[in-house]
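Here's structure09.cif, which has mmCIF, C-alpha atoms:
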data_upload
loop_
_atom_site.label_atom_id
_atom_site.label_comp_id
_atom_site.auth_asym_id
_atom_site.auth_seq_id
_atom_site.Cartn_x
_atom_site.Cartn_y
_atom_site.Cartn_z
CA MET R 192 -17.86 18.78 11.92
CA GLU R 193 -21.06 19.44 10.03
CA THR R 194 -19.53 18.80 6.60
CA THR R 195 -16.33 17.39 5.13
CA SER R 196 -15.75 20.25 2.72
CA ALA R 197 -12.25 21.61 2.23
CA GLU R 198 -13.19 24.87 3.93
CA THR R 199 -14.51 23.12 7.04
CA LEU R 200 -11.49 20.82 7.31
CA SER R 201 -9.08 23.72 6.83
CA CYS R 202 -10.76 25.66 9.63
CA ALA R 203 -10.49 22.58 11.86
CA LEU R 204 -6.76 22.35 11.12
CA ASN R 205 -6.24 26.02 11.90
CA ASP R 206 -8.16 25.67 15.15
CA ALA R 207 -6.15 22.59 16.21
CA LEU R 208 -2.78 24.25 15.51
CA LEU R 209 -3.87 27.40 17.33
CA ARG R 210 -4.88 25.45 20.44
CA MET R 211 -1.56 23.55 20.42
CA GLY R 212 0.49 26.72 19.96
CA LEU R 213 1.93 25.67 16.59
CA SER R 214 2.58 27.97 13.64
CA TRP R 215 2.11 27.32 9.94
CA SER R 216 5.54 28.87 9.37
CA ASP R 217 7.14 25.68 10.72
CA CYS R 218 5.15 23.35 8.43
CA ARG R 219 7.17 21.74 5.64
CA GLY R 220 4.92 18.90 4.51
CA GLN R 221 1.31 17.71 4.39
CA CYS R 222 0.06 14.26 3.50
CA TYR R 223 -3.51 13.18 2.66
CA ASP R 224 -5.32 10.64 0.54
CA GLY R 225 -6.46 11.39 -2.99
CA ALA R 226 -9.96 12.69 -2.16
CA ALA R 227 -10.79 15.90 -4.04
CA ASN R 228 -11.59 17.87 -0.89
CA MET R 229 -8.09 17.06 0.44
CA SER R 230 -5.83 16.95 -2.62
CA GLY R 231 -7.56 19.53 -4.84
CA CYS R 232 -4.94 21.82 -6.38
CA ARG R 233 -7.22 24.88 -6.39
CA SER R 234 -9.62 24.70 -3.46
CA GLY R 235 -8.62 21.51 -1.61
CA VAL R 236 -7.14 21.44 1.86
CA GLN R 237 -3.62 21.16 0.51
CA ALA R 238 -4.11 24.27 -1.66
CA ARG R 239 -5.48 26.25 1.31
CA VAL R 240 -2.52 25.17 3.44
CA ARG R 241 -0.09 26.14 0.67
CA ALA R 242 -1.72 29.58 0.62
CA LEU R 243 -0.77 29.96 4.29
CA GLN R 244 2.66 28.31 3.98
CA GLU R 245 4.12 27.93 0.52
CA GLU R 246 6.80 25.47 1.70
CA ALA R 247 4.22 22.95 3.01
CA MET R 248 4.82 20.39 0.26
CA TYR R 249 1.85 18.13 -0.47
CA VAL R 250 2.51 14.38 -0.63
CA HIS R 251 -0.17 11.94 -1.74
CA CYS R 252 -0.15 9.10 0.83
CA ASN R 253 2.16 6.49 -0.70
CA ALA R 254 0.19 3.58 0.76
CA HIS R 255 -2.95 4.91 -0.96
CA THR R 256 -0.95 5.45 -4.15
CA LEU R 257 0.24 1.84 -4.19
CA ASN R 258 -3.33 0.62 -3.72
CA LEU R 259 -4.53 2.85 -6.58
CA ALA R 260 -1.75 1.51 -8.81
CA PHE R 261 -2.83 -2.05 -8.06
CA GLN R 262 -6.49 -1.19 -8.61
CA GLY R 263 -5.69 0.43 -11.95
CA ALA R 264 -3.62 -2.56 -13.09
CA VAL R 265 -6.44 -5.00 -12.27
CA ALA R 266 -8.92 -2.81 -14.15
CA GLU R 267 -6.75 -2.87 -17.29
CA SER R 268 -6.62 -6.69 -17.45
CA SER R 269 -9.99 -8.30 -18.19
CA ALA R 270 -8.74 -11.72 -17.01
CA CYS R 271 -7.63 -10.36 -13.61
CA ARG R 272 -10.77 -8.26 -13.25
CA ASP R 273 -13.07 -11.20 -13.98
CA ALA R 274 -11.11 -13.51 -11.66
CA MET R 275 -11.31 -11.06 -8.75
CA ASN R 276 -15.05 -10.59 -9.28
CA THR R 277 -15.57 -14.37 -9.36
CA VAL R 278 -13.61 -14.78 -6.11
CA LYS R 279 -15.68 -12.03 -4.51
CA ASP R 280 -19.03 -13.50 -5.60
CA LEU R 281 -17.98 -17.03 -4.61
CA LYS R 282 -17.02 -16.01 -1.09
CA ASN R 283 -20.12 -13.89 -0.64
CA SER R 284 -22.35 -16.79 -1.67
CA ILE R 285 -20.79 -18.91 1.09
CA ARG R 286 -20.39 -16.34 3.86
CA GLU R 287 -23.82 -14.73 3.53
CA SER R 288 -25.54 -17.94 4.68
CA PRO R 289 -24.63 -19.76 7.95
CA LYS R 290 -26.04 -22.95 6.44
CA ARG R 291 -23.78 -22.77 3.38
CA GLN R 292 -20.81 -21.78 5.57
CA ALA R 293 -21.33 -24.90 7.69
CA TRP R 294 -21.80 -26.92 4.49
CA PHE R 295 -18.44 -25.71 3.16
CA ASP R 296 -16.74 -26.27 6.54
CA ALA R 297 -17.80 -29.91 6.38
CA PHE R 298 -15.56 -30.28 3.30
CA ARG R 299 -12.78 -27.97 4.51
CA LYS R 300 -12.12 -29.08 8.11
CA PRO R 301 -11.17 -32.72 7.34
CA THR R 302 -8.40 -31.42 5.05
CA GLY R 303 -7.12 -28.96 7.66
CA GLY R 304 -7.41 -26.00 5.30
CA ASN R 305 -7.79 -22.40 6.40
CA ASN R 306 -11.08 -20.56 6.13
CA LEU R 307 -11.82 -18.31 3.16
CA ARG R 308 -10.57 -14.76 3.62
CA PRO R 309 -12.94 -11.95 2.54
CA LEU R 310 -11.81 -9.39 -0.01
CA CYS R 311 -10.73 -6.17 1.68
CA PRO R 312 -12.95 -3.41 0.21
CA THR R 313 -10.32 -0.63 0.54
CA ARG R 314 -6.80 -2.12 0.69
CA TRP R 315 -6.42 -3.85 -2.66
CA THR R 316 -2.94 -5.20 -1.95
CA MET R 317 -4.38 -7.19 0.98
CA ARG R 318 -6.52 -9.18 -1.45
CA VAL R 319 -3.64 -11.55 -2.08
CA ASN R 320 -4.66 -13.35 1.13
CA SER R 321 -8.12 -13.95 -0.35
CA VAL R 322 -6.65 -15.35 -3.56
CA ILE R 323 -4.32 -17.63 -1.57
CA SER R 324 -7.22 -18.92 0.54
CA VAL R 325 -9.11 -19.89 -2.64
CA LEU R 326 -6.08 -21.68 -4.10
CA SER R 327 -5.43 -23.57 -0.86
CA ASN R 328 -9.10 -24.71 -0.72
CA TYR R 329 -9.53 -25.29 -4.46
CA THR R 330 -10.42 -29.00 -4.26
CA CYS R 331 -12.68 -28.42 -1.24
CA LEU R 332 -14.50 -25.64 -3.06
CA ALA R 333 -15.05 -27.84 -6.11
CA SER R 334 -16.45 -30.67 -3.97
CA TYR R 335 -18.67 -28.26 -2.06
CA LEU R 336 -20.01 -26.59 -5.21
CA SER R 337 -20.69 -29.95 -6.84
CA ASP R 338 -22.62 -31.10 -3.76
CA VAL R 339 -24.63 -27.86 -3.60
CA ALA R 340 -25.44 -28.02 -7.32
CA ASP R 341 -26.79 -31.57 -6.88
CA LYS R 342 -28.81 -31.07 -3.68
CA SER R 343 -30.02 -27.44 -3.85
CA ARG R 344 -32.70 -25.68 -5.84
CA GLY R 345 -33.29 -22.30 -7.37
CA ASP R 346 -30.70 -19.58 -7.80
CA ILE R 347 -28.12 -21.08 -5.46
CA ARG R 348 -28.02 -24.23 -7.59
CA ASP R 349 -27.48 -22.21 -10.76
CA LYS R 350 -24.81 -20.05 -9.12
CA SER R 351 -22.99 -23.08 -7.77
CA SER R 352 -22.98 -24.70 -11.21
CA GLY R 353 -21.56 -21.51 -12.69
CA PHE R 354 -18.83 -21.26 -10.04
CA LEU R 355 -17.96 -24.94 -10.52
CA ASN R 356 -17.65 -24.37 -14.25
CA GLN R 357 -15.26 -21.46 -13.62
CA LEU R 358 -13.12 -23.49 -11.22
CA GLY R 359 -12.77 -26.17 -13.88
CA LYS R 360 -11.23 -23.76 -16.40
CA PHE R 361 -7.45 -23.65 -16.58
CA SER R 362 -7.55 -19.97 -17.57
CA PHE R 363 -9.23 -19.04 -14.27
CA TYR R 364 -6.81 -21.20 -12.27
CA PHE R 365 -3.82 -19.70 -14.09
CA THR R 366 -5.06 -16.13 -13.49
CA LEU R 367 -5.31 -16.78 -9.74
CA TRP R 368 -1.69 -17.95 -9.71
CA VAL R 369 -0.65 -14.87 -11.69
CA LEU R 370 -2.39 -12.61 -9.18
CA LYS R 371 -0.67 -14.41 -6.32
CA ASP R 372 2.73 -14.15 -8.01
CA VAL R 373 2.37 -10.42 -8.67
CA MET R 374 0.45 -9.36 -5.56
CA HIS R 375 2.73 -11.03 -3.00
CA PRO R 376 5.65 -8.56 -3.41
CA MET R 377 3.22 -5.63 -3.63
CA GLU R 378 1.60 -6.65 -0.33
CA GLN R 379 5.05 -6.87 1.31
CA VAL R 380 6.04 -3.41 0.07
CA ASN R 381 2.69 -1.99 1.17
CA SER R 382 3.35 -3.23 4.72
CA ASP R 383 6.88 -1.81 4.75
CA ILE R 384 6.02 1.69 3.55
CA GLN R 385 3.46 2.12 6.35
CA SER R 386 6.27 2.42 8.90
CA PRO R 387 6.42 5.93 10.44
CA GLN R 388 10.24 5.79 10.38
CA LEU R 389 10.50 5.74 6.58
CA SER R 390 11.37 8.76 4.46
CA LEU R 391 10.43 9.51 0.86
CA ALA R 392 13.87 8.26 -0.19
CA ASP R 393 13.22 4.93 1.54
CA VAL R 394 9.80 4.62 -0.08
CA LYS R 395 11.31 5.35 -3.48
CA ALA R 396 13.90 2.63 -2.90
CA ASN R 397 11.11 0.16 -2.01
CA ILE R 398 9.09 1.06 -5.11
CA ASP R 399 12.21 0.70 -7.29
CA VAL R 400 12.86 -2.75 -5.80
CA LEU R 401 9.24 -3.73 -6.49
CA THR R 402 9.38 -2.48 -10.08
CA ASN R 403 12.67 -4.28 -10.74
CA SER R 404 11.25 -7.45 -9.19
CA LEU R 405 8.28 -7.38 -11.58
CA LEU R 406 10.50 -6.60 -14.58
CA SER R 407 12.85 -9.49 -13.72
CA LYS R 408 9.92 -11.89 -14.15
CA ARG R 409 9.27 -10.74 -17.70
CA ASN R 410 11.40 -13.32 -19.48
CA GLU R 411 10.76 -16.69 -21.08
CA GLY R 412 12.95 -18.59 -18.62
CA TYR R 413 11.02 -17.47 -15.53
CA PHE R 414 7.66 -17.89 -17.26
CA SER R 415 8.48 -21.45 -18.37
CA SER R 416 9.20 -22.56 -14.80
CA PHE R 417 6.14 -20.68 -13.53
CA TYR R 418 3.88 -22.17 -16.21
CA GLU R 419 5.13 -25.71 -15.61
CA GLY R 420 4.45 -25.33 -11.88
CA VAL R 421 0.89 -24.14 -12.52
CA VAL R 422 0.22 -26.98 -14.99
CA LYS R 423 1.57 -29.54 -12.52
CA SER R 424 -0.57 -28.11 -9.70
CA ALA R 425 -3.64 -28.13 -11.96
CA LEU R 426 -3.15 -31.80 -12.81
CA GLU R 427 -2.73 -32.73 -9.15
CA SER R 428 -5.97 -30.96 -8.22
CA THR R 429 -8.00 -33.28 -10.51
CA VAL R 430 -10.46 -30.39 -10.83
CA VAL R 431 -8.88 -28.10 -13.43
CA GLY R 432 -9.01 -29.02 -17.08
CA GLU R 433 -6.11 -29.01 -19.53
CA PRO R 434 -4.75 -25.67 -20.77
CA LYS R 435 -6.22 -24.58 -24.05
CA ILE R 436 -6.54 -21.46 -26.10
CA PRO R 437 -9.91 -19.72 -25.51
CA LYS R 438 -12.16 -19.36 -28.49
CA ALA R 439 -11.30 -16.09 -30.19
CA ARG R 440 -13.97 -13.50 -30.74
CA THR R 441 -14.14 -12.40 -34.36
CA VAL R 442 -13.59 -8.71 -34.89
CA PRO R 443 -16.18 -7.03 -37.14
CA ARG R 444 -14.98 -6.80 -40.71
CA ARG R 445 -15.18 -3.00 -40.72
CA LEU R 446 -12.61 -2.94 -37.90
CA GLN R 447 -10.22 -5.48 -39.41
CA ASP R 448 -6.88 -4.22 -40.61
CA GLY R 449 -3.92 -6.03 -42.12
CA GLY R 450 -3.50 -9.52 -43.50
CA ASN R 451 -5.22 -11.39 -40.68
CA SER R 452 -8.69 -12.14 -42.01
CA THR R 453 -10.17 -12.52 -38.54
CA GLY R 454 -8.45 -9.48 -37.10
CA VAL R 455 -7.51 -11.54 -34.02
CA ARG R 456 -4.02 -12.49 -32.88
CA THR R 457 -3.35 -16.20 -33.19
CA TYR R 458 -1.17 -18.40 -30.95
CA SER R 459 0.75 -21.54 -31.80
CA ASP R 460 -0.03 -23.33 -28.52
CA PRO R 461 -1.66 -22.66 -25.11
CA LYS R 462 1.69 -21.81 -23.52
CA ALA R 463 2.20 -18.93 -25.96
CA TYR R 464 -1.26 -17.60 -25.16
CA PHE R 465 -0.76 -17.68 -21.39
CA GLN R 466 2.71 -16.18 -21.74
CA SER R 467 1.16 -13.24 -23.57
CA LEU R 468 -1.41 -12.89 -20.78
CA TYR R 469 1.28 -13.05 -18.08
CA PHE R 470 3.46 -10.42 -19.76
CA GLN R 471 0.41 -8.18 -20.28
CA VAL R 472 -0.34 -8.27 -16.53
CA LEU R 473 3.28 -7.47 -15.65
CA ASP R 474 3.33 -4.56 -18.11
CA SER R 475 0.10 -3.17 -16.62
CA TYR R 476 1.47 -3.30 -13.09
CA THR R 477 4.82 -1.70 -13.91
CA ALA R 478 3.16 1.02 -16.01
CA CYS R 479 0.71 1.88 -13.22
CA LEU R 480 3.53 2.00 -10.65
CA ASN R 481 5.58 4.34 -12.84
CA ASN R 482 2.62 6.60 -13.59
CA ARG R 483 1.49 6.84 -9.97
CA PHE R 484 4.87 7.33 -8.30
CA SER R 485 6.82 9.35 -10.87
CA GLU R 486 5.26 12.66 -9.73
CA ALA R 487 5.20 11.75 -6.02
CA PHE R 488 9.00 11.63 -5.81
CA LYS R 489 9.76 14.45 -8.22
CA ARG R 490 10.62 17.21 -5.75
CA ALA R 491 12.24 14.83 -3.28
CA GLN R 492 14.38 13.42 -6.11
CA LEU R 493 15.40 16.92 -7.19
CA THR R 494 16.44 17.70 -3.61
CA GLU R 495 18.49 14.52 -3.31
CA ASP R 496 20.12 15.01 -6.73
CA ALA R 497 21.07 18.60 -5.91
CA LEU R 498 22.74 17.64 -2.62
CA LEU R 499 24.60 14.64 -4.05
CA ALA R 500 25.71 16.54 -7.16
CA LYS R 501 27.76 18.99 -5.11
CA ILE R 502 29.22 16.24 -2.95
CA THR R 503 30.42 14.31 -6.03
CA GLY R 504 32.12 17.43 -7.42
CA ASP R 505 29.59 18.70 -9.97
CA THR R 506 30.54 22.29 -10.80
CA GLY R 507 27.33 23.13 -12.64
CA THR R 508 24.69 25.60 -11.51
CA LEU R 509 21.84 23.98 -9.63
CA ASP R 510 18.22 25.16 -9.46
CA TRP R 511 17.70 25.22 -5.69
CA ASP R 512 14.27 26.85 -6.09
CA SER R 513 12.88 23.56 -7.45
CA THR R 514 13.96 21.67 -4.33
CA ALA R 515 12.40 21.52 -0.86
CA LEU R 516 15.28 23.55 0.66
CA SER R 517 15.10 26.96 -1.00
CA LYS R 518 13.63 28.82 2.02
CA ASP R 519 15.23 26.94 4.92
CA VAL R 520 18.95 26.97 4.21
CA ASP R 521 21.58 29.50 3.17
CA VAL R 522 22.24 28.24 -0.36
CA GLY R 523 25.66 29.91 -0.57
CA ARG R 524 26.91 28.35 2.66
CA LEU R 525 25.26 25.04 1.76
CA GLU R 526 27.18 24.76 -1.52
CA VAL R 527 30.48 25.52 0.23
CA GLN R 528 29.79 22.95 2.94
CA LEU R 529 28.78 20.31 0.38
CA GLU R 530 32.07 20.82 -1.48
CA MET R 531 33.97 20.49 1.82
CA LEU R 532 31.97 17.38 2.63
CA GLY R 533 32.84 15.89 -0.77
CA ASP R 534 36.56 16.50 -0.13
CA THR R 535 36.20 14.87 3.31
CA CYS R 536 34.53 11.80 1.85
CA ARG R 537 37.16 11.40 -0.86
CA ALA R 538 39.94 11.73 1.73
CA ARG R 539 38.28 8.97 3.79
CA ARG R 540 37.53 6.94 0.64
CA LEU R 541 33.81 7.03 1.33
CA THR R 542 31.09 7.09 -1.35
CA ILE R 543 27.81 8.94 -0.79
CA ARG R 544 25.20 7.57 -3.20
CA SER R 545 21.93 8.46 -1.46
CA MET R 546 20.37 10.50 1.32
CA HIS R 547 20.52 7.42 3.52
CA ASP R 548 24.31 7.30 3.09
CA LEU R 549 24.49 11.02 3.87
CA LYS R 550 22.45 10.60 7.03
CA GLU R 551 24.52 7.62 8.19
CA PHE R 552 27.72 9.65 7.68
CA PHE R 553 26.67 12.17 10.33
CA VAL R 554 25.27 9.45 12.59
CA SER R 555 28.68 7.74 12.63
CA ASP R 556 30.59 11.03 13.14
CA VAL R 557 28.50 13.33 15.35
CA GLY R 558 31.37 15.77 15.82
CA LEU R 559 31.08 17.05 12.24
CA LYS R 560 27.52 18.32 12.73
CA GLY R 561 28.79 21.63 14.07
CA LEU R 562 30.92 22.18 10.98
CA PHE R 563 28.31 21.25 8.38
CA THR R 564 25.31 23.02 9.91
CA GLU R 565 23.53 23.79 6.64
CA VAL R 566 23.95 20.23 5.39
CA VAL R 567 22.47 18.87 8.63
CA LYS R 568 19.58 21.32 8.31
CA ALA R 569 18.97 20.16 4.72
CA ILE R 570 18.87 16.51 5.86
CA GLN R 571 16.39 17.38 8.62
CA VAL R 572 14.07 19.17 6.15
CA PHE R 573 14.30 16.26 3.69
CA TYR R 574 13.38 13.67 6.32
CA THR R 575 10.52 15.87 7.57
CA LEU R 576 8.57 15.37 4.32
CA PRO R 577 5.64 13.03 5.14
CA VAL R 578 5.26 9.58 3.59
CA THR R 579 1.87 8.08 4.52
CA THR R 580 -1.23 8.77 6.62
CA CYS R 581 -1.42 5.18 7.92
CA THR R 582 -0.53 6.04 11.51
CA ALA R 583 -3.30 8.64 11.72
CA GLU R 584 -5.84 6.41 10.00
CA ARG R 585 -5.30 3.54 12.43
CA SER R 586 -7.32 5.58 14.94
CA PHE R 587 -10.28 5.40 12.52
CA SER R 588 -9.92 1.63 12.21
CA ALA R 589 -10.01 1.30 16.00
CA LEU R 590 -13.22 3.29 16.55
CA ARG R 591 -15.48 0.23 16.59
CA ARG R 592 -13.30 -1.38 19.25
CA LEU R 593 -13.05 1.78 21.37
CA LYS R 594 -16.62 3.08 21.18
CA THR R 595 -18.87 0.04 21.38
CA TYR R 596 -22.62 -0.16 21.87
CA LEU R 597 -22.01 -0.51 25.62
CA ARG R 598 -19.79 2.59 25.65
CA SER R 599 -21.95 4.69 23.33
CA THR R 600 -22.15 7.66 25.73
CA MET R 601 -18.38 8.21 25.74
CA THR R 602 -17.48 11.89 25.28
CA ALA R 603 -15.30 13.12 22.43
CA PRO R 604 -12.28 14.09 24.61
CA ARG R 605 -12.13 10.64 26.20
CA LEU R 606 -12.50 8.96 22.80
CA ASN R 607 -9.66 11.09 21.39
CA HIS R 608 -7.39 10.18 24.30
CA LEU R 609 -8.13 6.46 23.93
CA ALA R 610 -7.51 6.65 20.18
CA VAL R 611 -4.11 8.26 20.75
CA LEU R 612 -3.16 5.56 23.27
CA TYR R 613 -4.28 2.82 20.88
CA THR R 614 -2.57 4.27 17.82
CA HIS R 615 0.79 4.81 19.53
CA LYS R 616 1.05 1.42 21.23
CA GLU R 617 4.84 1.48 21.27
CA HIS R 618 4.74 4.45 23.67
CA THR R 619 1.70 3.25 25.62
CA ASP R 620 3.43 -0.03 26.50
CA GLN R 621 6.31 1.90 28.10
CA ILE R 622 4.10 3.84 30.54
CA ASP R 623 4.60 3.04 34.24
CA LEU R 624 1.03 2.30 35.38
CA LYS R 625 1.99 2.28 39.09
CA LYS R 626 3.38 5.79 38.81
CA ILE R 627 0.19 7.03 37.13
CA ALA R 628 -1.97 5.32 39.77
CA ASN R 629 0.03 6.94 42.60
CA GLU R 630 -0.30 10.37 40.96
CA PHE R 631 -4.05 9.84 40.65
CA ILE R 632 -4.33 8.84 44.34
CA GLY R 633 -2.12 11.67 45.58
CA ALA R 634 -3.99 14.38 43.70
CA ASN R 635 -6.91 14.29 46.13
CA GLY R 636 -7.10 13.74 49.90
CA ARG R 637 -10.31 11.75 49.58
CA ARG R 638 -8.66 9.33 47.16
CA GLY R 639 -5.85 8.77 49.66
CA GLU R 640 -8.39 7.63 52.21
CA VAL R 641 -10.07 5.22 49.79
CA PHE R 642 -7.10 3.85 47.84
CA ALA R 643 -3.69 2.66 48.96
CA LYS R 644 -0.55 3.62 47.03
CA PHE R 645 1.48 1.03 45.20
#

I'd like the structure from this file rewritten - as structure tokens, please.
Amino acid sequence: METTSAETLSCALNDALLRMGLSWSDCRGQCYDGAANMSGCRSGVQARVRALQEEAMYVHCNAHTLNLAFQGAVAESSACRDAMNTVKDLKNSIRESPKRQAWFDAFRKPTGGNNLRPLCPTRWTMRVNSVISVLSNYTCLASYLSDVADKSRGDIRDKSSGFLNQLGKFSFYFTLWVLKDVMHPMEQVNSDIQSPQLSLADVKANIDVLTNSLLSKRNEGYFSSFYEGVVKSALESTVVGEPKIPKARTVPRRLQDGGNSTGVRTYSDPKAYFQSLYFQVLDSYTACLNNRFSEAFKRAQLTEDALLAKITGDTGTLDWDSTALSKDVDVGRLEVQLEMLGDTCRARRLTIRSMHDLKEFFVSDVGLKGLFTEVVKAIQVFYTLPVTTCTAERSFSALRRLKTYLRSTMTAPRLNHLAVLYTHKEHTDQIDLKKIANEFIGANGRRGEVFAKF
């Protein structure tokens, strides 16, 4: 493609579907990242697809959304932002020079510690591994920086002294532990929602679990145990200083308001200050998660609520046009079947609380699919809605391994075929290579003379 404009990409999509014999009338969902040429509501690819098929619901890739939520939360907290930048600069100063890397390894290897992990430039949730690698090598880093500051000259000496000063501050050490405590569950959820088997309902359940997990940490009991663990670890490191309240910056008099003459919030002790910082980080993360994901699940949630409302016996009038089912099912027959299904569940003393429960009901009793045809069709449409673009993007990540400098003349068709095989490893591993080899040999008489069949 000559450009990556929305018009060019839309034409490429149309051409691909035409060559594969697929029709836009069967499309019910589309999933991209948040780039303007893809997600634009007026002239983006998703808007052009919606013009061809109104029912092709656009879903912002949930893995990208989680990364954007994390990025936004870090940007809102100055302590987290500064700590991440310091970690990035520290690792770059070591990794950009083989001499300094070997210098650091001389301190690290005797302790058996792992090497420093670089910060991932795109996947923010993966940065927890970088933070953990700094914490696990904290004493080694301090010894290395002290040695470099004593024996080097010029800028590297000044930078090493600055990094060593940062590592000696309890506030920096505490912020790294806060990032680890908050980022660990986010990294786990990010890995789970990349599965191609998940639906929007499953992703919503994962995000709800993550949000509840962060909210459960926002209490004085959990913070006290967390703070005591960090203080104990800091004392054992013999590198980090004692916790203290940072010097407050005086607000200009013209901006002061209220009885506080300095216009700055005061704290009774260091623990109160760091508790305020910890709660601020948790609030930023939960707020960003709610803001990013509230709209992503709106139509899916309306669809689930409408289906479950009829099953539980709700006699009210439902707005089926706001769901993802308005054009694919007979609404009249669907409502009747949902009422029958509700009576069946009550007779069997079963409770349907989610789309997952509804799906498992028909999995356990296949014979009822013929009776509840519209309900089964509604479940199929719901689980067709896309979740992430991770599977497709893995082919981009593999390009450097597939098309190397020694295979630079590889044609586009062969590269596409190799990318498909690499991306869908679970199917590639099941291929019978002997059968393929025999088909290749038998397709040509000359090959039969040269090769022997397995």

Residues matched by the PyMOL selection byres ((chain R and resi 435-437) around 8), written as a list in words: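 That expression, the PyMOL selection byres ((chain R and resi 435-437) around 8), corresponds here to Phe361, Glu433, Pro434, Lys438, Ala439, Tyr458, Asp460, Pro461 and Tyr464 of chain R.
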
Residues from last step as file, C-alpha atoms, as a short mmCIF file (atom, residue, chain, number, x, y, z; two decimals), in the coordinates of the input:
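Resulting contents of selection.cif:
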data_model
loop_
_atom_site.label_atom_id
_atom_site.label_comp_id
_atom_site.auth_asym_id
_atom_site.auth_seq_id
_atom_site.Cartn_x
_atom_site.Cartn_y
_atom_site.Cartn_z
CA PHE R 361 -7.45 -23.65 -16.58
CA GLU R 433 -6.11 -29.01 -19.53
CA PRO R 434 -4.75 -25.67 -20.77
CA LYS R 438 -12.16 -19.36 -28.49
CA ALA R 439 -11.30 -16.09 -30.19
CA TYR R 458 -1.17 -18.40 -30.95
CA ASP R 460 -0.03 -23.33 -28.52
CA PRO R 461 -1.66 -22.66 -25.11
CA TYR R 464 -1.26 -17.60 -25.16
#

All residues 8 Å or closer to Ser352 of chain R, only C-alpha atoms, same chain fewer than 2 positions away omitted, as a PyMOL selection string: chain R and resi 336-337+340+348-350+354-356

C-alpha atoms of the current selection, written as a PDB file, in the frame of the given file:
ATOM      1  CA  LEU R 336     -20.010 -26.590  -5.210  1.00  0.00           C
ATOM      2  CA  SER R 337     -20.690 -29.950  -6.840  1.00  0.00           C
ATOM      3  CA  ALA R 340     -25.440 -28.020  -7.320  1.00  0.00           C
ATOM      4  CA  ARG R 348     -28.020 -24.230  -7.590  1.00  0.00           C
ATOM      5  CA  ASP R 349     -27.480 -22.210 -10.760  1.00  0.00           C
ATOM      6  CA  LYS R 350     -24.810 -20.050  -9.120  1.00  0.00           C
ATOM      7  CA  PHE R 354     -18.830 -21.260 -10.040  1.00  0.00           C
ATOM      8  CA  LEU R 355     -17.960 -24.940 -10.520  1.00  0.00           C
ATOM      9  CA  ASN R 356     -17.650 -24.370 -14.250  1.00  0.00           C
TER      10      ASN R 356
END

Selection result of the PyMOL selection byres ((chain R and resi 329) around 12) on this file, as a PyMOL selection string: chain R and resi 278+281+295+298-299+302+304-307+322-328+330-336+354-355+357-359+363-364+367-368+424-425+427-431

Proximity to Leu516 of chain R - best of R:Gln471, R:Asn635, R:Thr477, R:Gln571, only C-alpha atoms: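 Among R:Gln471, R:Asn635, R:Thr477, R:Gln571, it is R:Gln571 that comes nearest to Leu516 of chain R.
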
Contact residues around segment 389-405 of chain R with all atoms listed in the file at 10 Å, ignoring same-chain residues under 3 positions, as a PyMOL selection string: chain R and resi 250+253-254+257+372-373+376-377+379-381+383-386+408-409+470+472-474+476-478+480-481+484-485+487-488+491-492+495+545-547+573-579

For atom CA of Leu612 of chain R and atom CA of Ile627 of chain R, the interatomic separation in Å (one decimal): 14.3 Å

Atom CA of Gln388 of chain R to atom CA of Asp496 of chain R, distance in Å rounded to a single decimal: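 Rounded to one decimal, the two atoms are 21.8 Å apart.
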
Atom CA of Cys232 of chain R to atom CA of Trp215 of chain R, straight-line distance in Å: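 We find that atom CA of Trp215 of chain R and atom CA of Cys232 of chain R lie 18.6 Å from each other.
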
Residue members of the PyMOL selection byres ((chain R and resi 241) around 12) in the file shown, as a list in words: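 Checking the PyMOL selection byres ((chain R and resi 241) around 12) against this file, the residues are Ser201, Trp215, Ser216, Cys218, Arg219, Gly220, Gln221, Ser230, Gly231, Cys232, Arg233, Ser234, Gly235, Val236, Gln237, Ala238, Arg239, Val240, Ala242, Leu243, Gln244, Glu245, Glu246, Ala247, Met248 and Tyr249 of chain R.
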
Contact residues around Arg286 of chain R with all atoms listed in the file at 12 Å, ignoring same-chain residues under 5 positions, as a PyMOL selection string: chain R and resi 279-281+291-296+306-310

Given all atoms listed in the file as the counted atoms, nearest of R:Arg490, R:Lys423, R:Lys644, R:Lys462 to Ala628 of chain R: R:Lys644

Please report, as JSON, the centre and edge lengths in Å to one decimal of an axis-aligned box covering all listed atoms of segment 542-559 of chain R with 3 Å per side.
{"center_x": 25.9, "center_y": 12.1, "center_z": 6.3, "size_x": 17.0, "size_y": 16.0, "size_z": 25.0}

Close residues, segment 521-528 of chain R itself excluded, 8 Å, only C-alpha atoms, min 5 positions apart in chain, as a VMD selection string: chain R and resid 501 511 563 565 to 566

Proximity to Ala274 of chain R - best of R:Phe465, R:Phe365, R:Tyr613, R:Phe631, only C-alpha atoms: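 Closest to Ala274 of chain R, using only C-alpha atoms: R:Phe365.
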
Given only C-alpha atoms as the counted atoms, nearest of R:Gly558, R:Asn283, R:Glu419, R:Thr564 to Asp519 of chain R: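 Smallest separation from Asp519 of chain R among the options: R:Thr564.
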
Selection near Thr199 of chain R, 10 Å with only C-alpha atoms, sequence-local residues under 5 positions removed, as a PyMOL selection string: chain R and resi 192-194+204+228+236
